[in-house]
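Note: the block below is protein-v1.txt and it holds compact mmCIF, C-alpha atoms and all ligand atoms.
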# COMPACT_ATOMS: atom_id res chain seq x y z
CA MET A 1 14.10 -19.57 -6.05
CA GLN A 2 12.45 -21.86 -8.54
CA SER A 3 9.02 -20.75 -9.71
CA LYS A 4 6.17 -23.10 -10.34
CA ALA A 5 6.55 -24.90 -13.61
CA GLN A 6 2.95 -24.44 -14.56
CA LEU A 7 0.48 -21.61 -14.96
CA VAL A 8 -3.21 -22.46 -14.94
CA VAL A 9 -5.51 -20.04 -16.75
CA PRO A 10 -9.25 -20.46 -17.28
CA SER A 11 -10.08 -20.26 -20.98
CA HIS A 12 -12.40 -17.25 -20.66
CA LEU A 13 -9.52 -15.31 -19.08
CA VAL A 14 -7.21 -16.32 -21.94
CA SER A 15 -9.83 -14.84 -24.30
CA GLU A 16 -9.96 -11.70 -22.21
CA ILE A 17 -6.17 -11.29 -22.40
CA ILE A 18 -6.07 -11.84 -26.15
CA SER A 19 -8.94 -9.46 -26.84
CA HIS A 20 -7.19 -6.79 -24.75
CA CYS A 21 -4.00 -7.28 -26.80
CA ARG A 22 -5.97 -7.02 -30.05
CA LYS A 23 -7.78 -3.92 -28.90
CA VAL A 24 -4.56 -2.08 -28.09
CA TYR A 25 -2.83 -3.25 -31.30
CA PRO A 26 -0.59 -1.92 -32.89
CA HIS A 27 0.61 -0.82 -29.45
CA GLU A 28 1.76 -3.23 -26.76
CA ALA A 29 -0.89 -4.17 -24.22
CA CYS A 30 0.03 -5.03 -20.62
CA GLY A 31 -1.67 -6.35 -17.54
CA ILE A 32 -1.54 -8.24 -14.27
CA LEU A 33 -2.91 -11.74 -13.64
CA ALA A 34 -3.98 -12.16 -10.04
CA GLY A 35 -4.55 -15.51 -8.43
CA LYS A 36 -3.24 -18.06 -6.03
CA ASP A 37 -0.76 -20.95 -6.26
CA GLY A 38 -0.20 -20.58 -9.97
CA VAL A 39 -3.91 -20.41 -10.81
CA VAL A 40 -5.12 -17.20 -12.43
CA LYS A 41 -8.40 -15.85 -11.08
CA LYS A 42 -8.54 -12.30 -12.34
CA VAL A 43 -7.23 -10.19 -15.23
CA TYR A 44 -6.29 -6.56 -14.64
CA LYS A 45 -5.85 -4.70 -17.91
CA MET A 46 -3.32 -1.95 -17.38
CA THR A 47 -2.50 1.25 -19.23
CA ASN A 48 0.75 1.21 -21.20
CA ILE A 49 2.05 4.74 -20.62
CA GLU A 50 4.61 4.32 -23.39
CA ASN A 51 1.89 4.08 -26.06
CA SER A 52 4.30 2.15 -28.17
CA GLY A 53 4.44 -0.91 -30.36
CA VAL A 54 7.86 -1.89 -29.06
CA SER A 55 7.75 -1.23 -25.31
CA TYR A 56 5.51 -0.90 -22.30
CA MET A 57 5.41 0.47 -18.81
CA MET A 58 2.39 0.04 -16.59
CA GLU A 59 0.87 3.28 -15.37
CA PRO A 60 2.50 3.53 -11.90
CA SER A 61 -0.48 4.77 -9.89
CA GLU A 62 -2.75 2.15 -11.46
CA GLN A 63 -0.18 -0.49 -10.56
CA PHE A 64 -0.02 0.82 -6.98
CA ILE A 65 -3.82 0.66 -6.63
CA ILE A 66 -4.12 -2.82 -8.14
CA MET A 67 -1.33 -4.21 -5.97
CA LYS A 68 -3.12 -2.89 -2.91
CA GLU A 69 -6.42 -4.36 -4.10
CA MET A 70 -4.80 -7.77 -4.64
CA ARG A 71 -3.31 -7.66 -1.16
CA LYS A 72 -6.71 -6.84 0.32
CA GLU A 73 -8.32 -9.73 -1.56
CA GLY A 74 -5.56 -12.14 -0.59
CA LEU A 75 -4.47 -12.63 -4.20
CA ASP A 76 -0.92 -12.80 -5.49
CA MET A 77 0.53 -11.34 -8.66
CA VAL A 78 0.90 -14.78 -10.26
CA ALA A 79 1.68 -13.49 -13.73
CA LEU A 80 2.29 -10.38 -15.81
CA TYR A 81 1.31 -10.24 -19.45
CA HIS A 82 2.13 -8.06 -22.41
CA SER A 83 1.81 -8.31 -26.15
CA HIS A 84 4.35 -8.41 -28.94
CA PRO A 85 2.48 -6.88 -31.86
CA HIS A 86 5.37 -7.41 -34.27
CA SER A 87 7.52 -10.19 -32.80
CA ASP A 88 7.54 -13.71 -31.41
CA ALA A 89 6.06 -14.75 -28.07
CA TYR A 90 9.48 -14.84 -26.41
CA PRO A 91 11.01 -12.40 -23.87
CA SER A 92 13.10 -9.67 -25.52
CA PRO A 93 16.42 -8.48 -24.05
CA ARG A 94 14.53 -5.47 -22.69
CA ASP A 95 11.92 -7.76 -21.09
CA VAL A 96 14.71 -9.65 -19.35
CA LYS A 97 16.59 -6.54 -18.26
CA LEU A 98 13.47 -4.98 -16.74
CA ALA A 99 12.11 -8.13 -15.08
CA PHE A 100 12.46 -6.79 -11.53
CA TYR A 101 9.77 -9.13 -10.26
CA THR A 102 11.07 -12.68 -10.38
CA GLU A 103 8.13 -14.48 -8.79
CA PRO A 104 5.39 -13.87 -11.33
CA VAL A 105 5.33 -15.76 -14.60
CA TYR A 106 5.73 -13.59 -17.70
CA VAL A 107 3.02 -14.24 -20.27
CA ILE A 108 3.65 -12.97 -23.79
CA VAL A 109 1.08 -12.77 -26.56
CA SER A 110 2.40 -12.52 -30.10
CA LEU A 111 0.08 -11.03 -32.69
CA ILE A 112 2.26 -11.58 -35.75
CA ASN A 113 -0.03 -14.29 -37.07
CA GLU A 114 -2.85 -15.92 -35.17
CA PRO A 115 -2.39 -14.98 -31.50
CA GLU A 116 0.22 -17.13 -29.83
CA ILE A 117 0.46 -17.14 -26.04
CA ARG A 118 3.41 -18.48 -24.06
CA ALA A 119 4.63 -18.20 -20.48
CA PHE A 120 8.10 -17.92 -18.97
CA THR A 121 9.94 -17.43 -15.73
CA ILE A 122 12.63 -14.75 -15.87
CA ASN A 123 15.05 -14.88 -12.96
CA GLU A 124 18.68 -15.60 -12.05
CA ASP A 125 18.37 -18.91 -13.91
CA GLY A 126 17.60 -17.00 -17.09
CA VAL A 127 14.51 -17.44 -19.24
CA ASN A 128 12.62 -20.71 -18.90
CA GLU A 129 9.35 -21.66 -20.50
CA VAL A 130 6.48 -22.59 -18.23
CA GLU A 131 3.63 -24.85 -19.26
CA MET A 132 0.41 -22.88 -19.64
CA LYS A 133 -2.57 -25.00 -18.87
CA VAL A 134 -5.84 -23.64 -20.18
CA VAL A 135 -8.82 -24.96 -18.25
CA LEU A 136 -12.56 -24.62 -18.69
CA LYS A 137 -13.84 -22.37 -15.91
CA MET B 138 4.80 5.31 16.42
CA ALA B 139 7.17 4.97 13.55
CA VAL B 140 7.24 5.08 9.78
CA ILE B 141 6.13 1.85 8.13
CA VAL B 142 7.99 0.91 4.95
CA ARG B 143 6.48 -1.65 2.59
CA ILE B 144 9.19 -3.68 0.90
CA PRO B 145 8.43 -5.12 -2.56
CA THR B 146 8.89 -8.88 -3.04
CA PRO B 147 12.05 -8.50 -5.19
CA LEU B 148 13.79 -6.73 -2.29
CA GLN B 149 12.51 -8.91 0.54
CA ARG B 150 15.54 -11.18 0.30
CA LEU B 151 17.48 -8.17 1.65
CA THR B 152 15.08 -7.70 4.58
CA GLN B 153 15.11 -11.35 5.72
CA GLY B 154 11.78 -11.88 3.99
CA LYS B 155 10.05 -9.04 5.81
CA GLU B 156 7.23 -7.37 3.92
CA GLU B 157 7.18 -4.39 6.25
CA VAL B 158 9.95 -2.73 8.19
CA GLU B 159 10.01 0.34 10.41
CA SER B 160 12.03 3.48 9.96
CA ARG B 161 12.24 7.01 11.30
CA PRO B 162 10.75 10.31 10.14
CA GLY B 163 12.86 12.43 7.81
CA THR B 164 13.20 12.85 4.06
CA VAL B 165 12.77 10.02 1.56
CA ILE B 166 16.50 9.97 0.92
CA SER B 167 17.34 9.81 4.65
CA LEU B 168 14.91 6.91 4.98
CA ILE B 169 16.66 5.04 2.17
CA ASN B 170 20.02 5.66 3.84
CA ASP B 171 18.63 4.35 7.12
CA LEU B 172 17.31 1.22 5.39
CA ASP B 173 20.64 0.66 3.67
CA LYS B 174 22.47 0.74 7.02
CA ARG B 175 20.23 -1.97 8.37
CA PHE B 176 19.74 -3.95 5.16
CA PRO B 177 22.99 -3.52 3.22
CA GLY B 178 22.53 -3.36 -0.53
CA ILE B 179 18.94 -2.17 -0.50
CA GLY B 180 19.93 1.46 -1.08
CA GLU B 181 21.51 0.92 -4.49
CA ARG B 182 18.49 -1.06 -5.62
CA ILE B 183 16.27 1.95 -4.94
CA SER B 184 18.47 4.94 -5.67
CA GLU B 185 21.64 5.98 -7.42
CA GLY B 186 23.68 9.06 -6.51
CA GLY B 187 20.94 10.36 -4.21
CA LYS B 188 18.22 10.04 -6.86
CA ILE B 189 15.46 7.47 -7.01
CA ARG B 190 16.02 5.07 -9.89
CA ARG B 191 13.91 5.54 -12.98
CA PHE B 192 12.16 2.19 -12.64
CA VAL B 193 11.30 2.56 -8.97
CA ASN B 194 8.22 4.39 -7.73
CA ILE B 195 7.86 5.54 -4.15
CA TYR B 196 4.59 6.42 -2.48
CA VAL B 197 4.08 8.21 0.82
CA ASN B 198 0.66 7.01 1.90
CA GLU B 199 -1.28 7.38 -1.38
CA GLU B 200 0.95 9.97 -3.06
CA ASP B 201 3.68 9.40 -5.64
CA ILE B 202 6.70 11.36 -4.38
CA ARG B 203 7.27 12.64 -7.92
CA PHE B 204 4.21 14.82 -7.37
CA LEU B 205 5.47 15.90 -3.94
CA LYS B 206 9.07 16.92 -3.32
CA ALA B 207 10.67 13.80 -4.77
CA GLU B 208 13.71 12.70 -2.72
CA GLU B 209 13.22 15.64 -0.35
CA THR B 210 9.63 14.69 0.51
CA GLU B 211 9.19 14.76 4.29
CA ILE B 212 7.92 11.63 6.00
CA LYS B 213 6.19 11.92 9.34
CA ASP B 214 5.54 9.50 12.17
CA GLY B 215 2.69 7.19 11.20
CA ASP B 216 3.21 7.56 7.45
CA GLU B 217 3.36 4.49 5.25
CA VAL B 218 6.02 4.42 2.55
CA SER B 219 5.66 1.96 -0.36
CA ILE B 220 8.59 1.10 -2.61
CA ILE B 221 7.30 -0.25 -5.92
CA PRO B 222 9.48 -1.32 -8.82
CA ALA B 223 7.90 -0.52 -12.18
CA ILE B 224 6.57 -3.23 -14.46
CA ALA B 225 8.01 -2.61 -17.87
CA GLY B 226 9.58 -4.24 -20.86
CA GLY B 227 9.18 -4.31 -24.55
CA ARG B 228 9.22 -5.88 -27.95
ZN ZN C 1 8.21 -8.02 -24.53
Would you give me this structure, written as structure tokens?
Amino acid sequence: MQSKAQLVVPSHLVSEIISHCRKVYPHEACGILAGKDGVVKKVYKMTNIENSGVSYMMEPSEQFIIMKEMRKEGLDMVALYHSHPHSDAYPSPRDVKLAFYTEPVYVIVSLINEPEIRAFTINEDGVNEVEMKVVLK
Amino acid sequence: MAVIVRIPTPLQRLTQGKEEVESRPGTVISLINDLDKRFPGIGERISEGGKIRRFVNIYVNEEDIRFLKAEETEIKDGDEVSIIPAIAGGR
């Protein structure tokens, strides 16, 4: 199934994602972007139980609770984000191998230099970049 | 009454798009075997050699089965079972 070729994120939520990634640095930050039809409405900052600068795993019970909350609010998991404290904003082999969810867009924030944020679909067609459209409000 | 099983989106292609399916009371592992009979291929996505895969979490109602009796956790009529692949990656 082909995912949407665009992810729309309000600018204040982009700031929220980047500040979360900076706060958790030098570890990887991770979170869920909830929304509808490719438009992000809400950022859920998640706990990385691996406490690592090279990998992440969302705290399972937190993930369970947030997924239930999204369902209740009629929101979809439109994207998943995590940071790359020491590498480019591009999915690593491990990111690809563990991309069990193929519908959400994968947002990666690199903190090597100034924060760089990019979005990708990861599915049976491989890794494909998605346009991230930052909107005011 | 039956057991309600919530299927995660990545596995819904194996359940004809169904988000929820029904199963029978028993242990977690017997439930997975029952699902695999009806939805071939789903079993190996969830477990391997009778053990739940490392990147799959299973909840009975609100409880992670790892904090119960893992694969041997008993499921009763009316329980809701959620199968939730982990979200992980790195570097
Ligand atoms: Zn990564």
Identify all chain A residues at most 6 Å from chain B by counting all atoms listed in the file; ligands do not count. Present them as a VMD selection string. chain A and resid 54 to 58 84 92 94 to 95 98 101
How close does each residue of chain A get to ligand ZN 1 (chain C), giving the shortest atom pair and distance in Å to one decimal for every residue with an atom at most 12 Å away, counting all atoms listed in the file, sorted by chain and residue number, as a tab-separated table?
residue	atom	partner	partner_atom	distance
A:His27	CA	C:ZN1	ZN	11.6
A:Glu28	CA	C:ZN1	ZN	8.3
A:Ala29	CA	C:ZN1	ZN	9.9
A:Cys30	CA	C:ZN1	ZN	9.5
A:Ser52	CA	C:ZN1	ZN	11.5
A:Gly53	CA	C:ZN1	ZN	9.9
A:Val54	CA	C:ZN1	ZN	7.6
A:Ser55	CA	C:ZN1	ZN	6.9
A:Tyr56	CA	C:ZN1	ZN	7.9
A:Met57	CA	C:ZN1	ZN	10.6
A:Leu80	CA	C:ZN1	ZN	10.8
A:Tyr81	CA	C:ZN1	ZN	8.9
A:His82	CA	C:ZN1	ZN	6.4
A:Ser83	CA	C:ZN1	ZN	6.6
A:His84	CA	C:ZN1	ZN	5.9
A:Pro85	CA	C:ZN1	ZN	9.4
A:His86	CA	C:ZN1	ZN	10.2
A:Ser87	CA	C:ZN1	ZN	8.6
A:Asp88	CA	C:ZN1	ZN	9.0
A:Ala89	CA	C:ZN1	ZN	7.9
A:Tyr90	CA	C:ZN1	ZN	7.2
A:Pro91	CA	C:ZN1	ZN	5.2
A:Ser92	CA	C:ZN1	ZN	5.3
A:Pro93	CA	C:ZN1	ZN	8.2
A:Arg94	CA	C:ZN1	ZN	7.1
A:Asp95	CA	C:ZN1	ZN	5.1
A:Val96	CA	C:ZN1	ZN	8.5
A:Lys97	CA	C:ZN1	ZN	10.6
A:Leu98	CA	C:ZN1	ZN	9.9
A:Ala99	CA	C:ZN1	ZN	10.2
A:Tyr106	CA	C:ZN1	ZN	9.2
A:Val107	CA	C:ZN1	ZN	9.2
A:Ile108	CA	C:ZN1	ZN	6.8
A:Val109	CA	C:ZN1	ZN	8.8
A:Ser110	CA	C:ZN1	ZN	9.2
A:Leu111	CA	C:ZN1	ZN	11.9
A:Arg118	CA	C:ZN1	ZN	11.5
A:Ala119	CA	C:ZN1	ZN	11.5
A:Phe120	CA	C:ZN1	ZN	11.4
A:Ile122	CA	C:ZN1	ZN	11.8
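Distance-wise, CA of Ile212 in chain B and CA of Leu168 in chain B end up 8.5 Å apart.
Rounded to one decimal, CA of Arg175 in chain B and CA of Glu209 in chain B lie 20.9 Å from each other.
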Give me the residues near Phe176 in chain B as an mmCIF file with C-alpha atoms, keeping the file's coordinate frame, where near means some atom within 12 Å (using only C-alpha atoms) and where sequence neighbours in that chain fewer than 4 positions away do not count.
data_model
loop_
_atom_site.group_PDB
_atom_site.id
_atom_site.type_symbol
_atom_site.label_atom_id
_atom_site.label_comp_id
_atom_site.auth_asym_id
_atom_site.auth_seq_id
_atom_site.Cartn_x
_atom_site.Cartn_y
_atom_site.Cartn_z
ATOM 1 C CA ILE B 144 9.190 -3.680 0.900
ATOM 2 C CA LEU B 148 13.790 -6.730 -2.290
ATOM 3 C CA GLN B 149 12.510 -8.910 0.540
ATOM 4 C CA ARG B 150 15.540 -11.180 0.300
ATOM 5 C CA LEU B 151 17.480 -8.170 1.650
ATOM 6 C CA THR B 152 15.080 -7.700 4.580
ATOM 7 C CA GLN B 153 15.110 -11.350 5.720
ATOM 8 C CA GLY B 154 11.780 -11.880 3.990
ATOM 9 C CA LYS B 155 10.050 -9.040 5.810
ATOM 10 C CA VAL B 158 9.950 -2.730 8.190
ATOM 11 C CA GLU B 159 10.010 0.340 10.410
ATOM 12 C CA SER B 160 12.030 3.480 9.960
ATOM 13 C CA LEU B 168 14.910 6.910 4.980
ATOM 14 C CA ILE B 169 16.660 5.040 2.170
ATOM 15 C CA ASN B 170 20.020 5.660 3.840
ATOM 16 C CA ASP B 171 18.630 4.350 7.120
ATOM 17 C CA LEU B 172 17.310 1.220 5.390
ATOM 18 C CA GLY B 180 19.930 1.460 -1.080
ATOM 19 C CA GLU B 181 21.510 0.920 -4.490
ATOM 20 C CA ARG B 182 18.490 -1.060 -5.620
#
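The space separating CA of Pro26 in chain A from CA of Lys133 in chain A comes to 27.1 Å.
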Need the axis-aligned box for range 185-196 of chain B with 5 Å each side, so what are the centre and edges in Å to one decimal, as JSON?
{"center_x": 14.1, "center_y": 6.3, "center_z": -7.7, "size_x": 29.1, "size_y": 18.2, "size_z": 20.5}
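Nearest to Ile183 in chain B of all the residues B:Glu208, B:Arg203, B:Asn198, B:Gly215 is B:Glu208, based on all atoms listed in the file.
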All residues 10 Å or closer to Leu7 in chain A, all atoms listed in the file, same chain fewer than 4 positions away omitted, as a PyMOL selection string: chain A and resi 37-40+78-79+104-107+119-120+130-134
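The nearest approach to Gly163 in chain B among the residues B:Thr210, B:Lys188, B:Val218, B:Ile202, with all atoms listed in the file taken into account, belongs to B:Thr210.
With distances taken over all atoms listed in the file, B:Glu211 is the one residue among B:Phe204, B:Glu211, B:Asp216, B:Arg190 lying closest to Ser167 in chain B.
Checking B:Glu185, B:Ile166, B:Val197, B:Pro177 one by one against Lys213 in chain B, counting all atoms listed in the file, you find the shortest gap at B:Val197.
With all atoms listed in the file as the atoms that count, the minimum distance from Arg161 in chain B to the choices B:Gly178, B:Ile141, B:Ile189, B:Asp173 is reached by B:Ile141.
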Do you know which residues are at most 9 Å from Glu124 in chain A counting all atoms listed in the file, after dropping those on the same chain fewer than 2 positions away, and could you put them as a PDB file with C-alpha atoms, in the frame of the given file?
ATOM      1  CA  MET A   1      14.100 -19.570  -6.050  1.00  0.00           C
ATOM      2  CA  THR A 102      11.070 -12.680 -10.380  1.00  0.00           C
ATOM      3  CA  ILE A 122      12.630 -14.750 -15.870  1.00  0.00           C
ATOM      4  CA  GLY A 126      17.600 -17.000 -17.090  1.00  0.00           C
ATOM      5  CA  VAL A 127      14.510 -17.440 -19.240  1.00  0.00           C
TER       6      VAL A 127
END
Identify the residues around (-10.6, -8.8, -23.3) within a radius of 12 Å, measuring from all atoms listed in the file in the coordinates stated by the file, and give them as a VMD selection string. chain A and resid 11 to 24 29 to 31 42 to 46
Put those residues in a file: C-alpha atoms, as a JSON list (two decimals), keeping the file's coordinate frame.
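File again23.json, as written:
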[["chain", "number", "residue", "atom", "x", "y", "z"],
["A", 11, "SER", "CA", -10.08, -20.26, -20.98],
["A", 12, "HIS", "CA", -12.40, -17.25, -20.66],
["A", 13, "LEU", "CA", -9.52, -15.31, -19.08],
["A", 14, "VAL", "CA", -7.21, -16.32, -21.94],
["A", 15, "SER", "CA", -9.83, -14.84, -24.30],
["A", 16, "GLU", "CA", -9.96, -11.70, -22.21],
["A", 17, "ILE", "CA", -6.17, -11.29, -22.40],
["A", 18, "ILE", "CA", -6.07, -11.84, -26.15],
["A", 19, "SER", "CA", -8.94, -9.46, -26.84],
["A", 20, "HIS", "CA", -7.19, -6.79, -24.75],
["A", 21, "CYS", "CA", -4.00, -7.28, -26.80],
["A", 22, "ARG", "CA", -5.97, -7.02, -30.05],
["A", 23, "LYS", "CA", -7.78, -3.92, -28.90],
["A", 24, "VAL", "CA", -4.56, -2.08, -28.09],
["A", 29, "ALA", "CA", -0.89, -4.17, -24.22],
["A", 30, "CYS", "CA", 0.03, -5.03, -20.62],
["A", 31, "GLY", "CA", -1.67, -6.35, -17.54],
["A", 42, "LYS", "CA", -8.54, -12.30, -12.34],
["A", 43, "VAL", "CA", -7.23, -10.19, -15.23],
["A", 44, "TYR", "CA", -6.29, -6.56, -14.64],
["A", 45, "LYS", "CA", -5.85, -4.70, -17.91],
["A", 46, "MET", "CA", -3.32, -1.95, -17.38]]
